[in-house]
$ cat start27.cif   # mmCIF, C-alpha atoms
data_run
#
loop_
_atom_site.label_atom_id
_atom_site.label_comp_id
_atom_site.auth_asym_id
_atom_site.auth_seq_id
_atom_site.Cartn_x
_atom_site.Cartn_y
_atom_site.Cartn_z
CA MET A 1 150.87 50.01 111.06
CA LEU A 2 148.70 47.15 109.85
CA LYS A 3 145.42 48.60 111.14
CA SER A 4 146.14 51.86 109.35
CA ARG A 5 147.14 49.99 106.22
CA LYS A 6 143.82 48.17 106.21
CA PHE A 7 141.96 51.46 106.40
CA ILE A 8 143.92 53.16 103.62
CA CYS A 9 143.76 50.03 101.48
CA PHE A 10 139.99 50.06 101.73
CA LEU A 11 139.81 53.72 100.73
CA LEU A 12 142.24 53.43 97.85
CA PHE A 13 140.89 50.20 96.47
CA LEU A 14 137.22 51.15 96.34
CA PRO A 15 137.44 53.15 93.09
CA ILE A 16 139.69 50.60 91.43
CA VAL A 17 137.75 47.34 91.44
CA SER A 18 134.33 45.94 92.03
CA LEU A 19 133.95 43.83 95.14
CA ASN A 20 131.54 41.53 93.42
CA SER A 21 131.97 37.87 92.69
CA LEU A 22 135.41 36.29 92.72
CA ALA A 23 134.45 34.76 89.36
CA GLN A 24 135.28 38.10 87.75
CA GLU A 25 138.70 39.53 87.09
CA ARG A 26 140.03 41.90 89.72
CA TYR A 27 142.94 44.27 89.51
CA VAL A 28 145.32 46.17 91.78
CA LEU A 29 146.22 49.28 89.84
CA PRO A 30 149.37 51.30 90.63
CA VAL A 31 149.13 54.21 93.07
CA ASP A 32 151.88 56.74 93.77
CA GLU A 33 151.16 59.37 96.39
CA ALA A 34 154.81 60.48 96.52
CA LYS A 35 153.90 63.07 93.89
CA ASN A 36 151.99 64.90 96.64
CA ASP A 37 155.21 65.70 98.52
CA ALA A 38 157.98 67.50 96.66
CA SER A 39 160.59 66.67 99.29
CA LEU A 40 159.78 62.97 99.01
CA ILE A 41 160.04 63.07 95.22
CA ALA A 42 163.47 64.71 95.47
CA PHE A 43 164.58 62.19 98.10
CA ARG A 44 163.33 59.22 96.10
CA THR A 45 165.08 60.41 92.94
CA LYS A 46 168.39 60.42 94.81
CA LEU A 47 167.59 57.09 96.42
CA ILE A 48 166.87 55.42 93.09
CA GLU A 49 170.13 56.72 91.62
CA ALA A 50 172.08 55.54 94.69
CA THR A 51 170.50 52.10 94.40
CA LYS A 52 171.29 51.81 90.70
CA THR A 53 174.94 52.68 91.39
CA LYS A 54 175.01 50.48 94.52
CA ASN A 55 176.09 53.40 96.68
CA GLN A 56 176.13 51.78 100.11
CA SER A 57 177.22 54.98 101.87
CA PHE A 58 174.10 56.82 100.74
CA ILE A 59 171.84 53.89 101.58
CA LEU A 60 173.26 53.59 105.08
CA SER A 61 172.95 57.35 105.58
CA ILE A 62 169.17 57.19 105.14
CA VAL A 63 168.62 54.06 107.26
CA ASP A 64 167.02 54.87 110.61
CA PRO A 65 169.01 53.53 113.61
CA ASP A 66 165.94 51.55 114.72
CA ILE A 67 164.90 50.29 111.28
CA LYS A 68 162.52 47.33 111.37
CA ASN A 69 164.13 44.43 109.49
CA SER A 70 161.77 41.56 110.24
CA PHE A 71 159.14 40.30 112.64
CA GLY A 72 161.83 38.32 114.48
CA GLY A 73 163.35 41.04 116.64
CA ASP A 74 166.58 41.63 114.72
CA ASP A 75 165.91 45.30 114.14
CA GLY A 76 168.45 48.10 113.92
CA LYS A 77 170.89 49.53 111.43
CA GLU A 78 173.74 47.11 112.15
CA ASN A 79 171.48 44.10 111.64
CA PHE A 80 170.21 45.63 108.41
CA LYS A 81 173.78 46.03 107.20
CA THR A 82 174.75 42.49 108.18
CA ASN A 83 171.61 40.69 107.04
CA TRP A 84 171.73 42.22 103.56
CA ARG A 85 175.52 42.15 103.18
CA ILE A 86 175.09 45.74 102.13
CA GLY A 87 178.80 46.16 101.45
CA GLN A 88 178.72 43.54 98.70
CA LYS A 89 177.94 44.50 95.11
CA ASP A 90 176.24 41.11 94.58
CA SER A 91 173.90 41.58 97.54
CA ALA A 92 170.30 40.63 96.78
CA PHE A 93 169.34 43.94 98.36
CA TRP A 94 170.07 46.06 95.30
CA GLU A 95 167.70 44.38 92.88
CA GLU A 96 164.93 43.88 95.43
CA PHE A 97 165.12 47.41 96.78
CA LEU A 98 165.12 48.97 93.32
CA THR A 99 161.92 47.11 92.48
CA VAL A 100 160.35 48.30 95.71
CA ILE A 101 161.16 52.00 95.40
CA THR A 102 160.33 52.35 91.70
CA ASN A 103 156.78 51.06 92.00
CA GLY A 104 154.72 53.75 93.67
CA GLY A 105 153.33 53.67 97.18
CA ALA A 106 151.02 55.50 99.55
CA PHE A 107 150.95 57.43 102.81
CA PHE A 108 149.34 56.42 106.06
CA LYS A 109 149.35 57.90 109.54
CA GLU A 110 148.70 56.20 112.85
CA GLU A 111 147.48 58.26 115.76
CA GLY A 112 150.36 59.84 117.59
CA SER A 113 152.94 58.94 114.95
CA GLN A 114 154.66 60.53 111.99
CA LYS A 115 153.14 60.29 108.54
CA THR A 116 154.68 57.30 106.77
CA PHE A 117 155.13 56.51 103.09
CA CYS A 118 155.39 52.84 102.15
CA ALA A 119 156.31 51.30 98.79
CA PRO A 120 155.56 49.49 96.58
CA PHE A 121 151.90 50.11 95.84
CA SER A 122 151.15 46.36 95.91
CA PHE A 123 151.51 46.34 99.70
CA MET A 124 149.48 49.47 100.29
CA VAL A 125 146.43 48.89 98.07
CA PHE A 126 145.92 45.13 97.95
CA PRO A 127 142.25 44.31 98.75
CA GLU A 128 141.74 43.37 102.38
CA ASP A 129 139.05 40.79 101.63
CA LEU A 130 141.64 38.53 99.97
CA ASP A 131 144.17 36.43 101.89
CA ALA A 132 147.59 37.93 101.23
CA PHE A 133 149.17 34.50 101.70
CA GLU A 134 146.95 32.93 99.06
CA TYR A 135 146.70 35.65 96.42
CA SER A 136 149.30 37.65 94.53
CA LEU A 137 149.20 40.08 91.63
CA VAL A 138 150.60 40.43 88.16
CA PHE A 139 153.27 43.08 88.63
CA GLY A 140 153.23 44.80 85.27
CA GLU A 141 151.32 45.68 82.13
CA ASN A 142 150.58 43.41 79.16
CA VAL A 143 152.33 40.43 80.71
CA ASN A 144 152.06 37.30 78.58
CA LEU A 145 150.14 34.40 80.09
CA ARG A 146 151.43 31.35 78.22
CA ALA A 147 150.07 27.84 77.82
CA ALA A 148 153.38 26.29 78.94
CA PRO A 149 156.48 27.50 80.82
CA ASN A 150 158.53 28.56 77.81
CA LEU A 151 158.76 31.52 75.46
CA SER A 152 157.62 29.53 72.44
CA ALA A 153 154.33 28.47 74.05
CA PRO A 154 151.11 30.09 72.78
CA VAL A 155 149.98 33.26 74.54
CA ILE A 156 146.62 32.73 76.25
CA ALA A 157 146.11 36.32 77.37
CA ASN A 158 147.84 39.59 78.20
CA LEU A 159 147.53 40.45 81.88
CA SER A 160 147.90 43.83 83.59
CA TYR A 161 147.86 44.02 87.39
CA ASN A 162 145.41 41.11 87.72
CA VAL A 163 144.84 39.47 91.09
CA ILE A 164 146.01 35.86 90.77
CA LYS A 165 146.33 32.60 92.66
CA THR A 166 149.72 30.92 92.34
CA ASP A 167 150.45 27.21 92.00
CA TYR A 168 154.10 26.83 92.91
CA GLN A 169 153.89 23.03 93.05
CA ASN A 170 153.34 23.01 89.30
CA SER A 171 155.61 25.94 88.48
CA ALA A 172 159.03 25.67 86.82
CA ASP A 173 162.16 26.29 88.91
CA ASP A 174 165.60 27.15 87.57
CA GLY A 175 166.96 23.63 88.06
CA LYS A 176 169.36 24.82 90.75
CA ASN A 177 167.12 25.85 93.61
CA GLU A 178 163.64 24.39 94.01
CA ASN A 179 162.42 27.70 95.45
CA SER A 180 163.81 29.82 92.62
CA TYR A 181 161.12 29.93 89.98
CA VAL A 182 161.55 30.98 86.36
CA TRP A 183 157.90 30.46 85.45
CA VAL A 184 154.94 30.52 87.83
CA LYS A 185 151.68 28.76 87.14
CA VAL A 186 148.84 31.15 87.93
CA THR A 187 145.07 31.40 87.69
CA THR A 188 143.29 34.72 87.45
CA LEU A 189 140.05 35.30 89.32
CA GLY A 190 138.34 35.25 85.94
CA GLY A 191 139.50 31.66 85.41
CA LYS A 192 142.45 32.09 83.03
CA THR A 193 145.24 29.60 83.83
CA GLY A 194 148.76 29.50 82.45
CA PHE A 195 152.37 30.44 83.12
CA ILE A 196 154.03 33.83 83.48
CA VAL A 197 157.66 34.82 84.04
CA SER A 198 158.32 34.89 87.78
CA ARG A 199 159.50 38.50 87.98
CA TYR A 200 155.96 39.58 87.09
CA VAL A 201 154.44 37.82 90.10
CA ARG A 202 154.46 39.71 93.40
CA SER A 203 153.03 38.90 96.78
CA PRO A 204 151.28 41.82 98.50
CA ILE A 205 153.36 41.04 101.57
CA GLY A 206 156.65 40.82 99.73
CA TYR A 207 159.42 43.24 100.63
CA ARG A 208 158.36 46.83 101.19
CA ALA A 209 160.12 49.93 102.43
CA CYS A 210 158.65 52.58 104.69
CA PHE A 211 159.92 56.13 105.11
CA GLN A 212 159.32 58.94 107.58
CA LYS A 213 160.50 62.52 107.58
CA LEU A 214 162.34 62.83 110.88
CA LYS A 215 163.71 66.22 111.92
CA GLY A 216 163.28 67.37 108.34
CA ILE A 217 165.16 64.43 106.80
CA TRP A 218 163.62 61.38 105.11
CA LYS A 219 164.70 58.12 106.72
CA MET A 220 163.91 54.49 105.94
CA THR A 221 162.21 53.09 109.04
CA ALA A 222 161.39 49.62 107.71
CA PHE A 223 162.47 47.21 105.00
CA ILE A 224 160.52 44.08 105.68
CA ALA A 225 158.53 41.19 104.24
CA GLY A 226 155.69 39.13 105.68
CA ASP A 227 152.69 40.05 107.77
#
$ encode --input "start27.cif" --output "structure tokens"
Amino acid sequence: MLKSRKFICFLLFLPIVSLNSLAQERYVLPVDEAKNDASLIAFRTKLIEATKTKNQSFILSIVDPDIKNSFGGDDGKENFKTNWRIGQKDSAFWEEFLTVITNGGAFFKEEGSQKTFCAPFSFMVFPEDLDAFEYSLVFGENVNLRAAPNLSAPVIANLSYNVIKTDYQNSADDGKNENSYVWVKVTTLGGKTGFIVSRYVRSPIGYRACFQKLKGIWKMTAFIAGD
């Protein structure tokens, strides 16, 4: 999957940004190839509604028996159900999955395999010349970059899908969990530094979902993070 992703990323990213100096701003603009497949659009519409209503029966019905859950070998539908506590309304799955499936995506196809659609776009079109562990992106339009981690701080700039470097050591957590950030300190490739609300920062190797049409039915074959 990763080799194919690198190829499609290269193709999709070429018209979006210049590969010139890192001293200039770079962007990862949204892509949504689902519109090219009517059956996928119909499936995704139902999937989004099921996620909003936390319909676990529907979610489990579209999970492939061999779904890839991680790079640690705990694949399969039962592990997916257990790991995400899918039967619980307060499961972290619902919010994370909704973000994933409502933010575009792209197709790829490996030789000898089914065509696969993966979402969100941030995974599929992030530039391959940047380290995915070091760089992230602003996940939204006109996001305020502030001088300090609070809503009353001056706005330095409005960012839209900029590539950024994160500084979690100097970010602001929620006071309860040191790894749960409310504000993230970031620097754009153009040199702008400040703080943005954490929900607008996304790693290109954050959670993504992949889908294949198997025997005429769309199934989720992976819901995974990392690289």
$ closest_residue --input "start27.cif" --among "A:Asn144, A:Asn79, A:Ser203, A:Thr102" --to "Ile41 in chain A" --atoms "all atoms listed in the file"
A:Thr102
$ atom_distance --input "start27.cif" --atom1 "CA of Val155 in chain A" --atom2 "CA of Val197 in chain A"
12.3 Å
$ closest_atom_pairs --input "start27.cif" --of "range 137-176 of chain A" --to "range 117-122 of chain A" --cutoff "10 Å" --atoms "only C-alpha atoms" --output "CSV"
residue,atom,partner,partner_atom,distance
A:Leu137,CA,A:Ser122,CA,7.8
A:Val138,CA,A:Ser122,CA,9.8
A:Phe139,CA,A:Ser122,CA,8.3
A:Tyr161,CA,A:Ser122,CA,9.4
$ residues_around --input "start27.cif" --residues "Asn103 in chain A" --least-positions-apart "2" --cutoff "12 Å" --atoms "only C-alpha atoms" --output "list of chain:residue names"
A:Leu29, A:Pro30, A:Val31, A:Asp32, A:Glu33, A:Ala34, A:Arg44, A:Ile48, A:Glu96, A:Phe97, A:Leu98, A:Thr99, A:Val100, A:Ile101, A:Gly105, A:Ala106, A:Cys118, A:Ala119, A:Pro120, A:Phe121, A:Ser122, A:Phe123, A:Met124, A:Phe139, A:Gly140, A:Arg202, A:Tyr207, A:Arg208, A:Ala209
$ residues_around --input "start27.cif" --residues "Phe58 in chain A" --least-positions-apart "2" --cutoff "12 Å" --atoms "all atoms listed in the file" --output "NGL selection string"
:A and (43-44 or 46-56 or 60-63 or 86-87 or 219-220)
$ closest_residue --input "start27.cif" --among "A:Ile217, A:Ile224, A:Ala132, A:Cys210" --to "Lys109 in chain A" --atoms "only C-alpha atoms"
A:Cys210
$ residues_near_point --input "start27.cif" --point "(161.4, 53.7, 110.1)" --cutoff "6 Å" --atoms "all atoms listed in the file" --output "PyMOL selection string"
chain A and resi 64+67+211+220-222
$ closest_residue --input "start27.cif" --among "A:Glu78, A:Gln212, A:Ala38, A:Ile156" --to "Thr187 in chain A" --atoms "all atoms listed in the file"
A:Ile156
$ closest_residue --input "start27.cif" --among "A:Gln114, A:Ala42, A:Leu151, A:Thr188" --to "Lys215 in chain A" --atoms "all atoms listed in the file"
A:Gln114
$ atom_distance --input "start27.cif" --atom1 "CA of Phe108 in chain A" --atom2 "CA of Val125 in chain A"
11.4 Å
